[in-house]
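Below is one structure; the comments refer to it alone.
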Amino acid sequence: CLRESTRRQAGGSHEKASLPESGTMAEPVDREHAGNLLFGVPKKGRLHEKCMQLIEGAGLTHRRPDRVDVAHCTDMPVTLVFLPAADIATYVGEGNVDMGITGLDVIEETIPPEEVMREIDLAFGKCRLAVQAPVKNDIKHVSELAGKRIVTSFPNLAKRFFAKYETEQTGRTKIKFVSGSVEAACGLGLADAVVDLVETGTTMRAAGLDVVATVMETESVLITNPNSTHKEILETIKQRIQGYLTATKYSMIQYNVHKDNLDSACDITPGKRSCTVSHLAQEGWCSVSALVLRKDQAVIMDRLEKVGADSILIFKIDNSRM
């Protein structure tokens, strides 16, 4: 395995689990990389592609050999470890890896939240964990399902959620774990309802289900182990990721405007702190640059043109430090 570590590091008394050994994992890290920070990344699924864009945007350049779930970064002492998203919170909490990306739902399901530091909400992978029941059953309130059969990949969250509605009359809700195709359980007669993630709702509706209640809202987050010895590198990576996220939200706009219209133009493009104004060689004209939200950039260009600005340009930002 890549790293053996124990609960004793965090003051506990029992051993931690080590990273799984499998045919796709690299051999134990060579001496050159033995002291690297380990960064857990979802190896596949709905989060993988977005995570790889984030890592590239943060400048964590690496080469991942085929069929190997470990990749060493070329310009930082960091090793990416590609893991099932459902396991990453456990590995970070137990110190097998120093940091990782996973969903809030996974953290709440698998570990006590205080075992990891929630560093950055990444604003992708947003969805909700919801109780879903067959439309034909016309369930009006989730309390009607207390004591019934529930199938889910999130048994701990489901158990805690339904405990609020259980009474002596309903008895305990019967929670059954399945690892996939949860939405099929009702149609197969295995469940009265399911607890599963809903993003667009397409799969849910195709299975004849509808949302009865929301258990929690979730999204991808960057988490770290509070006992990691790589504090400086962790901070650098956090700054890079935050800079990349800011860059994906903003564009740089640049334009020329006459000084008579400068105040009106600057009101349209105030920037994050203020816009930058430079005087041009042509008498009475200025060049202005400012950050604008990408989602608003087309409307802002229209407004600038109406107040007399010209040579309006938009520049994409790859990364930033704000």
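In the structure tokens, chains take the letters A, B, ... in the order shown, each chain's residues start at 1, and ligands count up from 1 in the order shown.
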Any idea what's packed within 12 Å of Phe177 in chain A, counting only C-alpha atoms, ignoring anything in its chain fewer than 4 positions away? Could you give it as a VMD selection string? chain A and resid 149 to 159 181 to 182 185 190 to 191 194 to 196
I need the chosen residues saved as a short mmCIF file (atom, residue, chain, number, x, y, z; two decimals), in the first residue's frame, with all heavy atoms.
data_model
loop_
_atom_site.label_atom_id
_atom_site.label_comp_id
_atom_site.auth_asym_id
_atom_site.auth_seq_id
_atom_site.Cartn_x
_atom_site.Cartn_y
_atom_site.Cartn_z
N ARG A 149 -40.12 -0.43 3.82
CA ARG A 149 -38.88 -0.94 3.23
C ARG A 149 -38.23 0.15 2.37
O ARG A 149 -38.84 0.63 1.42
CB ARG A 149 -39.16 -2.18 2.39
CG ARG A 149 -39.82 -3.34 3.15
CD ARG A 149 -40.29 -4.41 2.18
NE ARG A 149 -41.22 -3.85 1.21
CZ ARG A 149 -41.46 -4.38 0.00
NH1 ARG A 149 -40.83 -5.48 -0.38
NH2 ARG A 149 -42.33 -3.80 -0.82
N ILE A 150 -36.98 0.49 2.71
CA ILE A 150 -36.24 1.52 1.99
C ILE A 150 -34.95 0.91 1.47
O ILE A 150 -34.18 0.31 2.22
CB ILE A 150 -35.91 2.72 2.89
CG1 ILE A 150 -37.17 3.26 3.57
CG2 ILE A 150 -35.20 3.81 2.09
CD1 ILE A 150 -38.21 3.82 2.63
N VAL A 151 -34.70 1.08 0.17
CA VAL A 151 -33.45 0.62 -0.44
C VAL A 151 -32.60 1.84 -0.78
O VAL A 151 -33.10 2.84 -1.29
CB VAL A 151 -33.73 -0.22 -1.70
CG1 VAL A 151 -32.47 -0.37 -2.55
CG2 VAL A 151 -34.27 -1.59 -1.31
N THR A 152 -31.28 1.75 -0.49
CA THR A 152 -30.42 2.91 -0.69
C THR A 152 -28.94 2.51 -0.72
O THR A 152 -28.58 1.44 -0.23
CB THR A 152 -30.63 3.94 0.44
OG1 THR A 152 -29.83 5.09 0.19
CG2 THR A 152 -30.28 3.36 1.80
N SER A 153 -28.11 3.39 -1.25
CA SER A 153 -26.66 3.27 -1.15
C SER A 153 -26.13 4.10 0.01
O SER A 153 -24.93 4.17 0.23
CB SER A 153 -25.99 3.73 -2.45
OG SER A 153 -26.40 2.94 -3.53
N PHE A 154 -27.05 4.75 0.75
CA PHE A 154 -26.70 5.62 1.87
C PHE A 154 -27.45 5.17 3.12
O PHE A 154 -28.30 5.90 3.64
CB PHE A 154 -27.04 7.08 1.53
CG PHE A 154 -26.32 7.61 0.34
CD1 PHE A 154 -26.85 7.45 -0.94
CD2 PHE A 154 -25.11 8.28 0.48
CE1 PHE A 154 -26.18 7.95 -2.05
CE2 PHE A 154 -24.44 8.79 -0.63
CZ PHE A 154 -24.98 8.62 -1.90
N PRO A 155 -27.14 3.99 3.64
CA PRO A 155 -27.93 3.45 4.76
C PRO A 155 -27.84 4.28 6.04
O PRO A 155 -28.82 4.39 6.77
CB PRO A 155 -27.35 2.04 4.97
CG PRO A 155 -25.98 2.10 4.35
CD PRO A 155 -26.10 3.03 3.20
N ASN A 156 -26.69 4.86 6.33
CA ASN A 156 -26.55 5.63 7.56
C ASN A 156 -27.36 6.92 7.50
O ASN A 156 -28.06 7.28 8.47
CB ASN A 156 -25.07 5.95 7.82
CG ASN A 156 -24.27 4.70 8.11
OD1 ASN A 156 -24.74 3.78 8.76
ND2 ASN A 156 -23.04 4.65 7.61
N LEU A 157 -27.27 7.63 6.37
CA LEU A 157 -28.06 8.84 6.22
C LEU A 157 -29.56 8.53 6.22
O LEU A 157 -30.36 9.27 6.82
CB LEU A 157 -27.67 9.55 4.92
CG LEU A 157 -26.37 10.35 4.95
CD1 LEU A 157 -25.94 10.75 3.55
CD2 LEU A 157 -26.51 11.58 5.84
N ALA A 158 -29.94 7.45 5.54
CA ALA A 158 -31.36 7.07 5.50
C ALA A 158 -31.87 6.71 6.89
O ALA A 158 -32.98 7.11 7.29
CB ALA A 158 -31.56 5.91 4.54
N LYS A 159 -31.06 5.98 7.64
CA LYS A 159 -31.48 5.58 8.99
C LYS A 159 -31.69 6.80 9.88
O LYS A 159 -32.71 6.89 10.60
CB LYS A 159 -30.42 4.66 9.60
CG LYS A 159 -30.77 4.14 10.98
CD LYS A 159 -29.68 3.20 11.49
CE LYS A 159 -30.01 2.69 12.89
NZ LYS A 159 -28.95 1.78 13.40
N SER A 181 -28.07 0.80 -9.13
CA SER A 181 -29.42 0.61 -9.68
C SER A 181 -30.49 0.67 -8.59
O SER A 181 -31.43 -0.14 -8.57
CB SER A 181 -29.50 -0.73 -10.44
OG SER A 181 -28.59 -0.75 -11.51
N VAL A 182 -30.34 1.63 -7.71
CA VAL A 182 -31.28 1.78 -6.60
C VAL A 182 -32.70 2.03 -7.10
O VAL A 182 -33.68 1.52 -6.54
CB VAL A 182 -30.82 2.93 -5.68
CG1 VAL A 182 -31.86 3.22 -4.60
CG2 VAL A 182 -29.48 2.60 -5.05
N ALA A 185 -35.42 -0.75 -7.48
CA ALA A 185 -35.89 -1.55 -6.34
C ALA A 185 -37.40 -1.55 -6.18
O ALA A 185 -38.00 -2.59 -5.88
CB ALA A 185 -35.21 -1.06 -5.06
N LEU A 190 -38.90 -4.80 -4.28
CA LEU A 190 -37.97 -4.94 -3.16
C LEU A 190 -38.10 -3.82 -2.14
O LEU A 190 -37.59 -3.93 -1.03
CB LEU A 190 -36.53 -4.95 -3.69
CG LEU A 190 -36.18 -6.05 -4.70
CD1 LEU A 190 -34.74 -5.87 -5.20
CD2 LEU A 190 -36.34 -7.42 -4.05
N ALA A 191 -38.76 -2.73 -2.51
CA ALA A 191 -38.82 -1.58 -1.62
C ALA A 191 -40.11 -0.80 -1.82
O ALA A 191 -40.72 -0.84 -2.88
CB ALA A 191 -37.61 -0.67 -1.88
N VAL A 194 -37.08 4.54 -2.17
CA VAL A 194 -35.62 4.51 -2.21
C VAL A 194 -35.09 5.86 -1.75
O VAL A 194 -35.79 6.87 -1.77
CB VAL A 194 -35.09 4.19 -3.63
CG1 VAL A 194 -35.61 2.85 -4.12
CG2 VAL A 194 -35.45 5.30 -4.62
N VAL A 195 -33.84 5.87 -1.32
CA VAL A 195 -33.12 7.11 -1.03
C VAL A 195 -31.92 7.14 -1.97
O VAL A 195 -31.04 6.27 -1.89
CB VAL A 195 -32.67 7.18 0.44
CG1 VAL A 195 -31.79 8.42 0.67
CG2 VAL A 195 -33.87 7.19 1.37
N ASP A 196 -31.89 8.11 -2.87
CA ASP A 196 -30.86 8.14 -3.90
C ASP A 196 -30.59 9.58 -4.32
O ASP A 196 -31.39 10.49 -4.03
CB ASP A 196 -31.32 7.31 -5.11
CG ASP A 196 -30.15 6.88 -5.99
OD1 ASP A 196 -28.99 7.02 -5.56
OD2 ASP A 196 -30.40 6.41 -7.12
#
Mind checking which residues fall within 7 Å of range 229-243 of chain A, counting only C-alpha atoms, ignoring those fewer than 5 positions away in the same chain, and posting them as a JSON list (two decimals) with N, CA, C and O atoms, in the first residue's frame?
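Wrote result16.json, looks like this:
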[["chain", "number", "residue", "atom", "x", "y", "z"],
["A", 37, "LEU", "N", 3.00, 14.50, -0.62],
["A", 37, "LEU", "CA", 1.61, 14.65, -0.20],
["A", 37, "LEU", "C", 0.75, 13.76, -1.09],
["A", 37, "LEU", "O", 0.96, 13.72, -2.31],
["A", 54, "LEU", "N", -10.16, 20.57, -12.77],
["A", 54, "LEU", "CA", -9.72, 21.36, -11.62],
["A", 54, "LEU", "C", -8.23, 21.16, -11.36],
["A", 54, "LEU", "O", -7.49, 22.13, -11.13],
["A", 58, "ALA", "N", -5.30, 23.95, -11.70],
["A", 58, "ALA", "CA", -4.47, 24.30, -10.54],
["A", 58, "ALA", "C", -2.99, 24.08, -10.80],
["A", 58, "ALA", "O", -2.17, 24.31, -9.92],
["A", 319, "ASN", "N", -5.92, 31.32, -14.39],
["A", 319, "ASN", "CA", -5.83, 31.17, -12.94],
["A", 319, "ASN", "C", -5.67, 32.56, -12.35],
["A", 319, "ASN", "O", -5.52, 33.54, -13.08],
["A", 320, "SER", "N", -5.70, 32.66, -11.03],
["A", 320, "SER", "CA", -5.66, 33.98, -10.39],
["A", 320, "SER", "C", -5.22, 33.84, -8.95],
["A", 320, "SER", "O", -5.21, 32.75, -8.39],
["A", 321, "ARG", "N", -4.87, 34.94, -8.33],
["A", 321, "ARG", "CA", -4.69, 35.06, -6.88],
["A", 321, "ARG", "C", -5.39, 36.35, -6.48],
["A", 321, "ARG", "O", -4.98, 37.43, -6.88]]
Tell me, as a JSON list (two decimals) with N, CA and C atoms, in the first residue's frame, which residues lie within 6 Å of Leu83 in chain A, counting only C-alpha atoms; anything in the same chain fewer than 2 positions away does not count.
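Writing the result to out-v5.json gives the following:
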[["chain", "number", "residue", "atom", "x", "y", "z"],
["A", 41, "VAL", "N", -8.29, 11.39, -5.55],
["A", 41, "VAL", "CA", -9.11, 11.90, -6.65],
["A", 41, "VAL", "C", -10.08, 10.80, -7.10],
["A", 42, "PRO", "N", -11.36, 11.13, -7.33],
["A", 42, "PRO", "CA", -12.29, 10.10, -7.84],
["A", 42, "PRO", "C", -11.76, 9.49, -9.14],
["A", 43, "LYS", "N", -11.72, 8.17, -9.21],
["A", 43, "LYS", "CA", -11.12, 7.51, -10.36],
["A", 43, "LYS", "C", -12.08, 7.39, -11.54]]
List as a PDB file with C-alpha atoms, in the first residue's frame the protein and nucleic acid residues near Pro77 in chain A, meaning an atom at most 8 Å away when only C-alpha atoms are counted, but skip any in the same chain fewer than 3 places from it.
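See out31.pdb below for the written result:
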ATOM      1  CA  HIS A  33       8.278  10.061  -3.968  1.00  0.00           C
ATOM      2  CA  GLY A  35       7.494  11.791   1.239  1.00  0.00           C
ATOM      3  CA  ASN A  36       4.958  13.219  -1.197  1.00  0.00           C
ATOM      4  CA  LEU A  37       1.608  14.655  -0.202  1.00  0.00           C
ATOM      5  CA  HIS A  72       3.269  11.781  -9.537  1.00  0.00           C
ATOM      6  CA  CYS A  73       3.148  15.523 -10.220  1.00  0.00           C
ATOM      7  CA  THR A  74       6.154  16.877 -12.098  1.00  0.00           C
TER       8      THR A  74
END
For Phe124 in chain A: contacts at 8 Å, only C-alpha atoms, fewer than 3 positions along chain excluded, given as a tab-separated table (two decimals) with all heavy atoms, in the first residue's frame:
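That gives us result-v4.tsv:
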chain	number	residue	atom	x	y	z
A	50	LYS	N	-14.72	16.56	-13.97
A	50	LYS	CA	-14.61	17.89	-13.38
A	50	LYS	C	-13.38	18.00	-12.49
A	50	LYS	O	-12.72	19.05	-12.44
A	50	LYS	CB	-15.88	18.21	-12.57
A	50	LYS	CG	-17.10	18.50	-13.40
A	50	LYS	CD	-16.99	19.88	-14.05
A	50	LYS	CE	-18.28	20.27	-14.73
A	50	LYS	NZ	-18.18	21.62	-15.36
A	219	GLU	N	-22.71	18.69	-2.80
A	219	GLU	CA	-21.84	19.10	-3.89
A	219	GLU	C	-20.43	18.59	-3.59
A	219	GLU	O	-20.17	18.07	-2.50
A	219	GLU	CB	-21.81	20.62	-4.04
A	219	GLU	CG	-21.19	21.37	-2.86
A	219	GLU	CD	-21.11	22.86	-3.11
A	219	GLU	OE1	-20.46	23.26	-4.09
A	219	GLU	OE2	-21.69	23.63	-2.31
A	220	SER	N	-19.53	18.75	-4.54
A	220	SER	CA	-18.16	18.32	-4.34
A	220	SER	C	-17.42	19.31	-3.45
A	220	SER	O	-17.61	20.52	-3.57
A	220	SER	CB	-17.43	18.21	-5.68
A	220	SER	OG	-18.06	17.26	-6.50
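Residues in contact with Asp210 in chain A at up to 7 Å, not including ones fewer than 2 positions away on its chain and judged by only C-alpha atoms, are Gln132, Ala133, Pro134, Val135, Met204, Arg205, Gly208 and Val212 of chain A.
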Could those selected residues go to a file with C-alpha atoms, as a compact mmCIF listing (two decimals), in the first residue's frame?
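Just written: again-v3.txt:
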# COMPACT_ATOMS: atom_id res chain seq x y z
CA GLN A 132 -38.26 8.77 -3.86
CA ALA A 133 -41.45 6.73 -4.05
CA PRO A 134 -43.59 5.37 -6.90
CA VAL A 135 -45.85 8.06 -8.36
CA MET A 204 -35.99 8.83 -11.41
CA ARG A 205 -38.92 9.69 -13.69
CA GLY A 208 -41.86 5.91 -12.25
CA VAL A 212 -41.18 12.82 -1.52
Find the residues around range 267-272 of chain A up to 7 Å (only C-alpha atoms counted), leave out those fewer than 6 positions away in its own chain, and share them as a ChimeraX atom specification. /A:290-292,300
Interatomic distance (Å, one decimal) between CA of Met76 in chain A and CA of Glu114 in chain A: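 Going from CA of Met76 in chain A over to CA of Glu114 in chain A, I get 28.3 Å.
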Among range 62-245 of chain A, which residues carry a DSSP assignment of strand (DSSP E), reported as a ChimeraX atom specification? /A:70-72,78-83,99-103,117-121,127-134,149-152,174-177,193-198,209-218,220-224
Rank nothing, just name the residue among A:Ile107, A:Ile175, A:Ile101, A:Leu245 nearest to Gly125 in chain A, using only C-alpha atoms.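 Smallest separation from Gly125 in chain A among the options: A:Ile101.
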